[in-house]
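Reading through the structure tokens given below for one structure.
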Amino acid sequence: MTDVMVPALGESVSEATVSTWFKKVGDAVKQDEMLCELETDKVSVEVPAPASGILAEILAPEGATVAANARLGIISEGAAAAKDEPRAAAAEAVESPGAGPETVTERKDVEDAPSAKKALAEAGLSRDQVQGSGRDGRVMKEDVAKATTAPAPAALPTPAPAPASVPRGPVSADDASREERVKMTRLRATIARRLKDAQNTAAMLTTYNEVDMSGIMELRNTYKDQFEKKHGVKMGFMSFFVKACTHALKEVPEVNAEIDGGDVIYKHYVHMGVAVGTPNGLVVPVVRDADQMGFAQIEKKIAELGLRARDGKLSMAEMQGGSFTISNGGVYGSLMSSPILNPPQSGILGMHKIQDRPMVVNGEIVARPMMYLALSYDHRVVDGKGAVTFLVRVKEALEDPRRLLMDL
């Protein structure tokens, strides 16, 4: 008998929630095959089978909260059974009416992505209801998303009564039949708590400015092909914003500081948090020592972290230790917003949609690609002068990117 244990969750994480079991009791499993997925405050953790055999018992069902190093299930000795599973599945498919060679191949060779299995379970869909786009028909997470957004008749489940944090008013039977009550995921609950804590704790204030993106867009259009050919990554806007912020943080170090009790900790490095929206919620992976990186290094790291975030593969270490954050609501069409601080940080920059607007240039009205910038800051450590100075320095660097190369 082999115990399935909770894997290492990170130094500051003491418990997790079992979100999805990919196997049922009695199923044959192979070593390193994904058994279940855990959800912590920040990341999802996949739990592989420690040995081949039969899943004899599930000790922590879906929705259960488990401590670090707790037992999740038990695998009985049955390596031979697990090894013979593909052959048994093929034989069963041959004996089943209407099962052809393609069905046998699919059952024997194709293993859907673990993230897709989780999405199938959450959406209440079966494997047969989704068309796989991966190799050999493998179902990917994107395929499940497409299937859930496609119009299809479905009966809405009647919500089970459960206590609410705020008492609800009277609800008619007709309205109740069209509602669905879903337990908050651990990640969503953590996001809600941290954002509210930031509002309750920090003396949060936001200052605004706007930037003419003509210089960056012209530079990008001129060199983007050469940049991608040499570095193997596309030249985006984020590297310019990261570089502009790192320069401004050197001049206004209190925006890169944090309050710890009665002390202010000034950081002589820039670990840049880059907010990323995922299907499960907002996460902020950290580009460490961004102030020491070039444009290509920054673009590569952001692309890598963004992909891992969307696939739920980020580790706890990759989301800890940030000193300043950039949030880009413009990718969703936001024209202006006031970002909320990512505690214990003292500053966060909000990027927004680029939109042509009439501007006065050299006494003439011309159309310019403009973007509103918003800096939210903790007024307990950052004065208004420092916040405005920071945002002006970011604006100057973005409107004349040559300043970044000359360290001005």
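In the structure tokens, chains take the letters A, B, ... in the order shown, each chain's residues start at 1, and ligands count up from 1 in the order shown.
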Contacts of range 238-304 of chain A with range 309-316 of chain A up to 9 Å, shortest pair per row, only C-alpha atoms, as a tab-separated table:
```
residue	atom	partner	partner_atom	distance
A:Val276	CA	A:Ala309	CA	7.2
A:Gly277	CA	A:Arg310	CA	7.7
A:Thr278	CA	A:Arg310	CA	5.2
A:Pro279	CA	A:Arg310	CA	7.3
A:Asn280	CA	A:Gly312	CA	8.6
A:Val283	CA	A:Ala309	CA	7.3
A:Val284	CA	A:Ala309	CA	8.6
A:Pro285	CA	A:Ala309	CA	7.6
A:Glu304	CA	A:Ala309	CA	8.6
```
Output the selection as a tab-separated table (two decimals), in the first residue's frame - N, CA and C atoms for each residue.
```tsv
chain	number	residue	atom	x	y	z
A	276	VAL	N	-1.62	39.31	-14.13
A	276	VAL	CA	-2.08	38.49	-15.25
A	276	VAL	C	-3.46	37.94	-14.92
A	277	GLY	N	-4.41	38.15	-15.81
A	277	GLY	CA	-5.74	37.59	-15.64
A	277	GLY	C	-5.78	36.15	-16.12
A	278	THR	N	-6.31	35.24	-15.30
A	278	THR	CA	-6.44	33.83	-15.67
A	278	THR	C	-7.89	33.41	-15.49
A	279	PRO	N	-8.29	32.25	-16.03
A	279	PRO	CA	-9.66	31.79	-15.83
A	279	PRO	C	-10.05	31.64	-14.37
A	280	ASN	N	-9.08	31.43	-13.48
A	280	ASN	CA	-9.37	31.24	-12.06
A	280	ASN	C	-9.26	32.52	-11.24
A	283	VAL	N	-3.59	36.79	-10.88
A	283	VAL	CA	-2.35	36.41	-10.21
A	283	VAL	C	-1.28	37.41	-10.61
A	284	VAL	N	-0.24	37.53	-9.79
A	284	VAL	CA	0.81	38.51	-10.04
A	284	VAL	C	2.18	37.82	-9.98
A	285	PRO	N	2.63	37.22	-11.07
A	285	PRO	CA	3.99	36.67	-11.09
A	285	PRO	C	5.01	37.81	-11.05
A	304	GLU	N	7.02	34.00	-20.56
A	304	GLU	CA	7.11	32.71	-19.87
A	304	GLU	C	6.17	32.66	-18.67
```
For the structure I just gave you, how does DSSP split range 191-352 of chain A - specifically, which residues are strand (DSSP E)? Reply as an MDAnalysis selection string.
chainID A and resid 204:212 257:260 263:266 272:274 276:278 281:283 286:287 324:328 347:351
Output C-alpha atoms for every residue in the selection just made, as a PDB file, in the first residue's frame.
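Produced file out09.pdb, reproduced below:
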```pdb
ATOM      1  CA  MET A 204      -4.592  54.639  -0.713  1.00  0.00           C
ATOM      2  CA  LEU A 205      -4.653  57.488  -3.197  1.00  0.00           C
ATOM      3  CA  THR A 206      -4.465  57.573  -7.007  1.00  0.00           C
ATOM      4  CA  THR A 207      -2.871  60.147  -9.293  1.00  0.00           C
ATOM      5  CA  TYR A 208      -3.369  60.241 -13.062  1.00  0.00           C
ATOM      6  CA  ASN A 209      -1.519  61.349 -16.162  1.00  0.00           C
ATOM      7  CA  GLU A 210      -1.543  60.554 -19.858  1.00  0.00           C
ATOM      8  CA  VAL A 211       1.190  59.527 -22.239  1.00  0.00           C
ATOM      9  CA  ASP A 212       1.594  59.984 -25.985  1.00  0.00           C
ATOM     10  CA  ALA A 257       9.320  50.688  -0.325  1.00  0.00           C
ATOM     11  CA  GLU A 258       7.002  49.050   2.199  1.00  0.00           C
ATOM     12  CA  ILE A 259       5.928  49.655   5.775  1.00  0.00           C
ATOM     13  CA  ASP A 260       6.807  46.994   8.348  1.00  0.00           C
ATOM     14  CA  ASP A 263       9.797  50.877   9.994  1.00  0.00           C
ATOM     15  CA  VAL A 264       9.979  51.702   6.303  1.00  0.00           C
ATOM     16  CA  ILE A 265      11.933  49.186   4.217  1.00  0.00           C
ATOM     17  CA  TYR A 266      13.600  50.768   1.175  1.00  0.00           C
ATOM     18  CA  MET A 272       8.429  43.818 -10.791  1.00  0.00           C
ATOM     19  CA  GLY A 273       5.024  42.201 -10.369  1.00  0.00           C
ATOM     20  CA  VAL A 274       3.041  41.884 -13.596  1.00  0.00           C
ATOM     21  CA  VAL A 276      -2.077  38.486 -15.249  1.00  0.00           C
ATOM     22  CA  GLY A 277      -5.743  37.590 -15.639  1.00  0.00           C
ATOM     23  CA  THR A 278      -6.441  33.828 -15.671  1.00  0.00           C
ATOM     24  CA  GLY A 281      -8.626  34.844 -11.103  1.00  0.00           C
ATOM     25  CA  LEU A 282      -5.912  37.483 -11.016  1.00  0.00           C
ATOM     26  CA  VAL A 283      -2.354  36.409 -10.206  1.00  0.00           C
ATOM     27  CA  VAL A 286       7.224  38.533 -10.333  1.00  0.00           C
ATOM     28  CA  VAL A 287      10.039  39.469 -12.718  1.00  0.00           C
ATOM     29  CA  PHE A 324       6.115  47.157  -7.334  1.00  0.00           C
ATOM     30  CA  THR A 325       3.299  46.048  -9.672  1.00  0.00           C
ATOM     31  CA  ILE A 326       2.079  46.917 -13.169  1.00  0.00           C
ATOM     32  CA  SER A 327      -1.507  46.087 -14.133  1.00  0.00           C
ATOM     33  CA  ASN A 328      -2.657  46.351 -17.749  1.00  0.00           C
ATOM     34  CA  GLY A 347       2.694  51.477  -5.452  1.00  0.00           C
ATOM     35  CA  ILE A 348       0.950  50.011  -8.491  1.00  0.00           C
ATOM     36  CA  LEU A 349       0.815  51.416 -12.024  1.00  0.00           C
ATOM     37  CA  GLY A 350      -2.334  50.970 -14.088  1.00  0.00           C
ATOM     38  CA  MET A 351      -2.002  50.886 -17.889  1.00  0.00           C
TER      39      MET A 351
END
```
One decimal, in Å: what's the spacing between CA of Leu398 in chain A and CA of Leu307 in chain A?
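One can read the CA of Leu398 in chain A to CA of Leu307 in chain A distance as 26.0 Å.
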Set the distance at 7 Å and use only C-alpha atoms: which residues neighbour Glu37 in chain A once local chain neighbours fewer than 6 positions away are removed? I'd like the list as a list in words.
Val18, Ser19, Thr20, Trp21, Ser44, Val45, Glu46 and Val47 of chain A
Could the residues in this selection be saved with N, CA and C atoms as a PDB file, in the first residue's frame?
```pdb
ATOM      1  N   VAL A  18      -8.788  20.468  -1.922  1.00  0.00           N
ATOM      2  CA  VAL A  18      -8.833  19.492  -3.013  1.00  0.00           C
ATOM      3  C   VAL A  18      -9.881  19.972  -4.014  1.00  0.00           C
ATOM      4  N   SER A  19      -9.435  20.385  -5.189  1.00  0.00           N
ATOM      5  CA  SER A  19     -10.371  20.938  -6.170  1.00  0.00           C
ATOM      6  C   SER A  19     -10.933  19.882  -7.104  1.00  0.00           C
ATOM      7  N   THR A  20     -10.093  18.946  -7.578  1.00  0.00           N
ATOM      8  CA  THR A  20     -10.559  17.954  -8.563  1.00  0.00           C
ATOM      9  C   THR A  20      -9.810  16.636  -8.397  1.00  0.00           C
ATOM     10  N   TRP A  21     -10.557  15.544  -8.420  1.00  0.00           N
ATOM     11  CA  TRP A  21      -9.961  14.214  -8.522  1.00  0.00           C
ATOM     12  C   TRP A  21     -10.129  13.736  -9.968  1.00  0.00           C
ATOM     13  N   SER A  44      -2.425  26.481  -8.244  1.00  0.00           N
ATOM     14  CA  SER A  44      -2.954  25.127  -8.285  1.00  0.00           C
ATOM     15  C   SER A  44      -1.782  24.157  -8.318  1.00  0.00           C
ATOM     16  N   VAL A  45      -1.897  23.067  -7.580  1.00  0.00           N
ATOM     17  CA  VAL A  45      -0.815  22.091  -7.481  1.00  0.00           C
ATOM     18  C   VAL A  45      -1.333  20.735  -7.927  1.00  0.00           C
ATOM     19  N   GLU A  46      -0.695  20.168  -8.943  1.00  0.00           N
ATOM     20  CA  GLU A  46      -1.083  18.840  -9.420  1.00  0.00           C
ATOM     21  C   GLU A  46      -0.365  17.774  -8.593  1.00  0.00           C
ATOM     22  N   VAL A  47      -1.100  16.722  -8.258  1.00  0.00           N
ATOM     23  CA  VAL A  47      -0.548  15.648  -7.433  1.00  0.00           C
ATOM     24  C   VAL A  47      -0.409  14.398  -8.292  1.00  0.00           C
TER      25      VAL A  47
END
```
Which of these residues is nearest to Glu77 in chain A, using only C-alpha atoms: A:Lys30, A:His271, A:Arg220, A:His379?
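Looking at the shortest contact to Glu77 in chain A, the residue is A:Lys30.
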